[in-house]
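Novice: One structure is given below, represented as structure tokens, and several questions about it will come after.
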Amino acid sequence: MTEVLTIGRVGVDLYPLQIGVSLREVETFGKYLGGSPTNVAVAAARLGRDAAVISRTGADPFGAFVHDALRSYGVDDRYVTEVPGLPTPVTFCEIHPPDHFPLYFYRFPKAPDLEIHTHELDVAAISRAGLFWATVTGLSEEPSRGAHFAAWEARGRAPLTVLDLDYRPMFWSSPDEAGRWVREALRHVTVAVGNLDECEVATGTRDPREAAKALLGMGVEVAVVKQGPGGVLGMTAEETVVVPPVPVEVVNGLGAGDAFGGALCDGLLAGRGLEQALRFANAAGAIVAGRLACAPAMPTIEEVEAVLARLVEDGDHARGIDA
């Protein structure tokens, strides 16, 4: 049984090795594995979990690189297949710490990962997975959208069926269109994770507490709202916890959410309490925010535990709130 099975976006990240300048001026780049659900699988594998990805690439050298990279990180690539005629996506970014990291997606004429078909899914593997992680991007086009709903049907709202709200405006005609499909998807999952912008698309509110309540009202059992400098709010029917942010000198914030996701997978599978799971995930995200790349920057358990130990010494604690 796969412990962490993710589905959706994959590609190649080309990150500038010159920080604080525009792509117009950048001279050299580093090449890394990319795609949010793919990075989540890498993060989970780095923490010792058995992880796999369902996705598609082009039949090109970048597609071959994706397979090489997945294997090097210990992620099962058996469900990553080729789409002849479509190039493996490439993503560029600019790095302007601490909080400006514009992204440029090259997913034309169509990304292969949006060509995931229902009939190609290993529904037995999906239903058996300890945790199944999908993102909103996979709902933006067919046949990927239909495949996602077929995967959720196979899961039957099994525990630890997670939707990353991961809203990317460039993949949608409007926030309203995205919101419609997100709300439909929330009926099929048990855990929802998103930042304030993403929660607003799903629920219509940016208030963290109200957004979490709305997500619970749509059927999820655990709602996680990332608030940036405000920390992370987690809510279930029984409790609400706010975990403060971890201080870090930001180098590149783009991989932090994926590290958070992979660490959250680990915490949920381990049966940690909500506060402990969020603290662990927050620490993992902070570590990656202090590094340049995404996939190769994912931390080990020892690195996360070292950050948590430092926070305990500094007297940093989560705050419980009456539900």
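Letters A, B, ... go to the chains of the structure tokens in the order shown; residues in each chain start at 1; ligands are counted from 1 in the same order.
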Name the residues in contact with range 251-258 of chain A at a cut-off of 10 Å, using only C-alpha atoms, excluding same-chain residues fewer than 5 positions from it; report them as a VMD selection string.

Specialist: chain A and resid 15 19 34 to 44 93 to 103 164 166 193 to 195 226 263 to 264 281 to 298

Novice: Emit the selected residues as a short mmCIF file (atom, residue, chain, number, x, y, z; two decimals), in the first residue's frame, including N, CA and C atoms.

Specialist:
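File produced: again_37.cif:
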data_model
loop_
_atom_site.label_atom_id
_atom_site.label_comp_id
_atom_site.auth_asym_id
_atom_site.auth_seq_id
_atom_site.Cartn_x
_atom_site.Cartn_y
_atom_site.Cartn_z
N TYR A 15 14.95 27.83 -11.95
CA TYR A 15 15.04 28.93 -11.00
C TYR A 15 16.34 29.70 -11.22
N ILE A 19 19.71 36.36 -7.64
CA ILE A 19 18.57 36.74 -6.80
C ILE A 19 18.37 38.24 -6.84
N GLY A 34 9.52 19.91 -10.49
CA GLY A 34 8.51 20.86 -10.03
C GLY A 34 7.11 20.32 -10.14
N GLY A 35 6.15 21.14 -9.72
CA GLY A 35 4.74 20.78 -9.69
C GLY A 35 4.31 20.51 -8.27
N SER A 36 3.32 21.24 -7.78
CA SER A 36 2.97 21.19 -6.37
C SER A 36 2.70 19.79 -5.83
N PRO A 37 1.78 19.01 -6.41
CA PRO A 37 1.54 17.68 -5.83
C PRO A 37 2.75 16.76 -5.93
N THR A 38 3.58 16.99 -6.94
CA THR A 38 4.81 16.21 -7.06
C THR A 38 5.76 16.56 -5.93
N ASN A 39 5.91 17.84 -5.64
CA ASN A 39 6.77 18.26 -4.54
C ASN A 39 6.26 17.77 -3.20
N VAL A 40 4.94 17.69 -3.05
CA VAL A 40 4.37 17.15 -1.81
C VAL A 40 4.80 15.69 -1.63
N ALA A 41 4.76 14.92 -2.71
CA ALA A 41 5.20 13.53 -2.64
C ALA A 41 6.67 13.44 -2.29
N VAL A 42 7.49 14.31 -2.88
CA VAL A 42 8.92 14.33 -2.56
C VAL A 42 9.12 14.66 -1.08
N ALA A 43 8.39 15.66 -0.59
CA ALA A 43 8.52 16.05 0.82
C ALA A 43 8.15 14.90 1.74
N ALA A 44 7.08 14.18 1.40
CA ALA A 44 6.67 13.04 2.23
C ALA A 44 7.71 11.93 2.19
N CYS A 93 10.74 31.37 -12.50
CA CYS A 93 10.33 32.32 -11.46
C CYS A 93 11.40 33.40 -11.34
N GLU A 94 11.02 34.48 -10.69
CA GLU A 94 11.97 35.49 -10.24
C GLU A 94 12.02 35.42 -8.72
N ILE A 95 13.16 35.74 -8.16
CA ILE A 95 13.34 35.62 -6.71
C ILE A 95 13.67 36.99 -6.14
N HIS A 96 12.69 37.55 -5.46
CA HIS A 96 12.85 38.85 -4.81
C HIS A 96 12.43 38.71 -3.34
N PRO A 97 13.32 38.22 -2.48
CA PRO A 97 12.96 38.04 -1.08
C PRO A 97 12.59 39.40 -0.46
N PRO A 98 11.69 39.39 0.57
CA PRO A 98 11.18 38.19 1.23
C PRO A 98 9.85 37.68 0.72
N ASP A 99 9.16 38.42 -0.16
CA ASP A 99 7.78 38.00 -0.44
C ASP A 99 7.32 38.24 -1.88
N HIS A 100 8.26 38.35 -2.82
CA HIS A 100 7.85 38.57 -4.21
C HIS A 100 8.55 37.54 -5.09
N PHE A 101 7.75 36.55 -5.56
CA PHE A 101 8.31 35.45 -6.35
C PHE A 101 7.39 35.16 -7.54
N PRO A 102 7.36 36.06 -8.53
CA PRO A 102 6.46 35.86 -9.67
C PRO A 102 6.82 34.59 -10.44
N LEU A 103 5.75 33.89 -10.88
CA LEU A 103 5.90 32.64 -11.62
C LEU A 103 5.47 32.82 -13.07
N ASP A 164 -5.81 20.12 -1.77
CA ASP A 164 -5.02 21.34 -1.67
C ASP A 164 -5.73 22.39 -2.52
N ASP A 166 -4.87 25.22 -3.62
CA ASP A 166 -3.91 25.59 -4.67
C ASP A 166 -4.51 26.28 -5.91
N VAL A 193 -6.86 22.16 2.58
CA VAL A 193 -5.70 22.97 2.95
C VAL A 193 -5.58 24.13 1.97
N GLY A 194 -5.47 25.36 2.47
CA GLY A 194 -5.30 26.50 1.56
C GLY A 194 -4.88 27.76 2.27
N ASN A 195 -4.35 28.72 1.51
CA ASN A 195 -4.03 30.02 2.08
C ASN A 195 -5.28 30.91 2.02
N LYS A 226 -3.80 28.58 5.94
CA LYS A 226 -2.47 29.19 6.08
C LYS A 226 -2.61 30.70 5.97
N ALA A 263 4.80 17.44 4.99
CA ALA A 263 4.92 17.22 6.44
C ALA A 263 3.55 17.02 7.08
N LEU A 264 2.53 17.71 6.55
CA LEU A 264 1.18 17.49 7.05
C LEU A 264 0.73 16.06 6.75
N ALA A 281 4.43 20.66 10.36
CA ALA A 281 4.32 21.12 8.97
C ALA A 281 4.83 22.54 8.81
N ASN A 282 4.53 23.40 9.78
CA ASN A 282 4.98 24.78 9.73
C ASN A 282 6.51 24.86 9.73
N ALA A 283 7.13 24.04 10.56
CA ALA A 283 8.60 24.03 10.64
C ALA A 283 9.20 23.57 9.32
N ALA A 284 8.62 22.54 8.71
CA ALA A 284 9.12 22.06 7.42
C ALA A 284 9.01 23.14 6.35
N GLY A 285 7.88 23.85 6.33
CA GLY A 285 7.71 24.92 5.36
C GLY A 285 8.72 26.03 5.54
N ALA A 286 9.00 26.38 6.78
CA ALA A 286 9.97 27.44 7.06
C ALA A 286 11.37 27.07 6.59
N ILE A 287 11.73 25.81 6.77
CA ILE A 287 13.06 25.35 6.33
C ILE A 287 13.22 25.57 4.83
N VAL A 288 12.21 25.17 4.06
CA VAL A 288 12.32 25.29 2.60
C VAL A 288 12.26 26.74 2.15
N ALA A 289 11.51 27.58 2.87
CA ALA A 289 11.48 29.00 2.53
C ALA A 289 12.87 29.64 2.64
N GLY A 290 13.73 29.04 3.43
CA GLY A 290 15.09 29.55 3.59
C GLY A 290 16.08 28.97 2.60
N ARG A 291 15.58 28.20 1.62
CA ARG A 291 16.44 27.58 0.62
C ARG A 291 15.99 27.99 -0.78
N LEU A 292 16.83 27.76 -1.77
CA LEU A 292 16.54 28.23 -3.13
C LEU A 292 15.52 27.36 -3.85
N ALA A 293 15.74 26.06 -3.89
CA ALA A 293 14.93 25.18 -4.72
C ALA A 293 13.73 24.65 -3.95
N CYS A 294 12.93 23.82 -4.62
CA CYS A 294 11.78 23.18 -3.98
C CYS A 294 12.09 21.72 -3.66
N ALA A 295 12.03 20.85 -4.66
CA ALA A 295 12.19 19.42 -4.41
C ALA A 295 13.47 19.07 -3.66
N PRO A 296 14.65 19.52 -4.11
CA PRO A 296 15.86 19.13 -3.39
C PRO A 296 16.00 19.79 -2.03
N ALA A 297 15.14 20.77 -1.73
CA ALA A 297 15.23 21.48 -0.45
C ALA A 297 14.40 20.84 0.64
N MET A 298 13.59 19.83 0.31
CA MET A 298 12.69 19.25 1.29
C MET A 298 13.47 18.67 2.47
#

Novice: For Thr2 in chain A, work out the shell of residues within 10 Å, counting only C-alpha atoms and skipping chain neighbours fewer than 3 positions away, then give it as a PyMOL selection string.

Specialist: chain A and resi 5+49-52+76+125-126+128-132

Novice: With C-alpha atoms kept, could you save the residues just selected as an mmCIF file, in the first residue's frame?

Specialist:
data_model
loop_
_atom_site.group_PDB
_atom_site.id
_atom_site.type_symbol
_atom_site.label_atom_id
_atom_site.label_comp_id
_atom_site.auth_asym_id
_atom_site.auth_seq_id
_atom_site.Cartn_x
_atom_site.Cartn_y
_atom_site.Cartn_z
ATOM 1 C CA LEU A 5 -0.380 9.089 -3.332
ATOM 2 C CA ARG A 49 6.929 7.871 3.718
ATOM 3 C CA ASP A 50 6.254 5.560 0.796
ATOM 4 C CA ALA A 51 5.086 8.018 -1.870
ATOM 5 C CA ALA A 52 3.934 7.938 -5.485
ATOM 6 C CA ASP A 76 7.388 5.807 -7.182
ATOM 7 C CA ALA A 125 -4.163 1.773 -5.624
ATOM 8 C CA ILE A 126 -6.090 5.004 -5.100
ATOM 9 C CA ARG A 128 -5.921 1.611 -0.782
ATOM 10 C CA ALA A 129 -3.562 4.576 -0.381
ATOM 11 C CA GLY A 130 -3.086 5.719 3.190
ATOM 12 C CA LEU A 131 -3.492 9.327 2.075
ATOM 13 C CA PHE A 132 -4.620 10.699 -1.296
#

Novice: Would you please work out which residue, of A:Leu216, A:Gln18, A:Cys265, A:Val246, is nearest to Val307 in chain A when using only C-alpha atoms?

Specialist: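 That would be A:Val246, the residue with the smallest distance to Val307 in chain A.
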
Novice: Range 48-233 of chain A: which residues are helix (DSSP H, G or I) by DSSP, as JSON, numbers by chain?

Specialist: {"A": [61, 62, 63, 64, 65, 66, 67, 68, 69, 70, 71, 72, 112, 113, 114, 118, 119, 120, 123, 124, 125, 126, 127, 128, 136, 137, 138, 139, 144, 145, 146, 147, 148, 149, 150, 151, 152, 153, 154, 155, 169, 170, 171, 175, 176, 177, 178, 179, 180, 181, 182, 183, 184, 185, 186, 196, 197, 198, 199, 200, 201, 202, 203, 208, 209, 210, 211, 212, 213, 214, 215, 216, 217, 228, 229, 230]}

Novice: Let's have the selection written as an mmCIF file, in the first residue's frame, with C-alpha atoms.

Specialist:
data_model
loop_
_atom_site.group_PDB
_atom_site.id
_atom_site.type_symbol
_atom_site.label_atom_id
_atom_site.label_comp_id
_atom_site.auth_asym_id
_atom_site.auth_seq_id
_atom_site.Cartn_x
_atom_site.Cartn_y
_atom_site.Cartn_z
ATOM 1 C CA PRO A 61 14.174 14.902 -22.383
ATOM 2 C CA PHE A 62 12.463 16.975 -19.684
ATOM 3 C CA GLY A 63 9.975 14.146 -19.225
ATOM 4 C CA ALA A 64 12.857 11.714 -18.804
ATOM 5 C CA PHE A 65 14.370 14.107 -16.259
ATOM 6 C CA VAL A 66 11.115 13.999 -14.275
ATOM 7 C CA HIS A 67 11.379 10.218 -13.980
ATOM 8 C CA ASP A 68 15.062 10.390 -13.030
ATOM 9 C CA ALA A 69 14.364 13.008 -10.369
ATOM 10 C CA LEU A 70 11.393 11.156 -8.875
ATOM 11 C CA ARG A 71 13.422 7.981 -8.548
ATOM 12 C CA SER A 72 16.349 9.857 -7.017
ATOM 13 C CA PRO A 112 0.326 16.703 -20.246
ATOM 14 C CA ASP A 113 -0.740 16.478 -16.583
ATOM 15 C CA LEU A 114 -4.183 17.716 -17.657
ATOM 16 C CA THR A 118 -10.254 8.109 -15.932
ATOM 17 C CA HIS A 119 -9.710 4.797 -17.707
ATOM 18 C CA GLU A 120 -5.966 4.948 -16.972
ATOM 19 C CA VAL A 123 -8.457 2.771 -8.784
ATOM 20 C CA ALA A 124 -7.386 -0.069 -6.499
ATOM 21 C CA ALA A 125 -4.163 1.773 -5.624
ATOM 22 C CA ILE A 126 -6.090 5.004 -5.100
ATOM 23 C CA SER A 127 -8.631 3.371 -2.813
ATOM 24 C CA ARG A 128 -5.921 1.611 -0.782
ATOM 25 C CA VAL A 136 -7.441 22.410 -7.510
ATOM 26 C CA THR A 137 -5.302 22.841 -10.637
ATOM 27 C CA GLY A 138 -6.280 19.340 -11.696
ATOM 28 C CA LEU A 139 -9.905 20.487 -11.893
ATOM 29 C CA SER A 144 -8.153 15.646 -15.709
ATOM 30 C CA ARG A 145 -11.237 17.003 -13.929
ATOM 31 C CA GLY A 146 -13.241 13.860 -14.598
ATOM 32 C CA ALA A 147 -10.313 11.688 -13.535
ATOM 33 C CA HIS A 148 -10.109 13.510 -10.211
ATOM 34 C CA PHE A 149 -13.773 12.945 -9.483
ATOM 35 C CA ALA A 150 -13.429 9.281 -10.500
ATOM 36 C CA ALA A 151 -10.504 8.952 -8.088
ATOM 37 C CA TRP A 152 -12.559 10.471 -5.274
ATOM 38 C CA GLU A 153 -15.427 8.115 -6.090
ATOM 39 C CA ALA A 154 -12.989 5.216 -5.721
ATOM 40 C CA ARG A 155 -11.908 6.601 -2.352
ATOM 41 C CA PRO A 169 -5.531 32.298 -11.547
ATOM 42 C CA MET A 170 -3.725 31.717 -14.859
ATOM 43 C CA PHE A 171 -5.277 28.246 -15.139
ATOM 44 C CA PRO A 175 -12.397 32.834 -9.670
ATOM 45 C CA ASP A 176 -16.119 32.054 -9.866
ATOM 46 C CA GLU A 177 -15.505 29.165 -12.255
ATOM 47 C CA ALA A 178 -12.779 27.807 -10.013
ATOM 48 C CA GLY A 179 -14.929 28.233 -6.924
ATOM 49 C CA ARG A 180 -17.774 26.243 -8.475
ATOM 50 C CA TRP A 181 -15.588 23.210 -9.060
ATOM 51 C CA VAL A 182 -13.772 23.567 -5.739
ATOM 52 C CA ARG A 183 -17.061 23.488 -3.842
ATOM 53 C CA GLU A 184 -18.130 20.405 -5.781
ATOM 54 C CA ALA A 185 -14.812 18.727 -4.987
ATOM 55 C CA LEU A 186 -15.063 19.518 -1.267
ATOM 56 C CA LEU A 196 -6.315 33.023 2.535
ATOM 57 C CA ASP A 197 -6.641 33.741 -1.191
ATOM 58 C CA GLU A 198 -7.476 30.129 -1.931
ATOM 59 C CA CYS A 199 -9.941 29.866 0.939
ATOM 60 C CA GLU A 200 -11.687 32.979 -0.340
ATOM 61 C CA VAL A 201 -12.184 31.353 -3.749
ATOM 62 C CA ALA A 202 -13.665 28.298 -2.052
ATOM 63 C CA THR A 203 -15.774 29.957 0.653
ATOM 64 C CA PRO A 208 -9.608 32.520 8.637
ATOM 65 C CA ARG A 209 -12.018 31.342 11.298
ATOM 66 C CA GLU A 210 -15.096 31.834 9.123
ATOM 67 C CA ALA A 211 -13.398 30.200 6.138
ATOM 68 C CA ALA A 212 -12.495 27.147 8.214
ATOM 69 C CA LYS A 213 -16.063 26.911 9.514
ATOM 70 C CA ALA A 214 -17.357 27.140 5.948
ATOM 71 C CA LEU A 215 -15.032 24.339 4.813
ATOM 72 C CA LEU A 216 -16.257 22.139 7.654
ATOM 73 C CA GLY A 217 -19.795 23.008 6.648
ATOM 74 C CA GLY A 228 1.294 33.810 6.187
ATOM 75 C CA PRO A 229 2.639 36.040 8.981
ATOM 76 C CA GLY A 230 -0.470 35.128 10.990
#

Novice: Out of A:Val242, A:Leu121, A:Leu274, A:Leu14, which residue has the shortest atom-to-atom distance to Tyr32 in chain A when counting only C-alpha atoms?

Specialist: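 Answer, going by the shortest atom-to-atom distance: A:Leu14.
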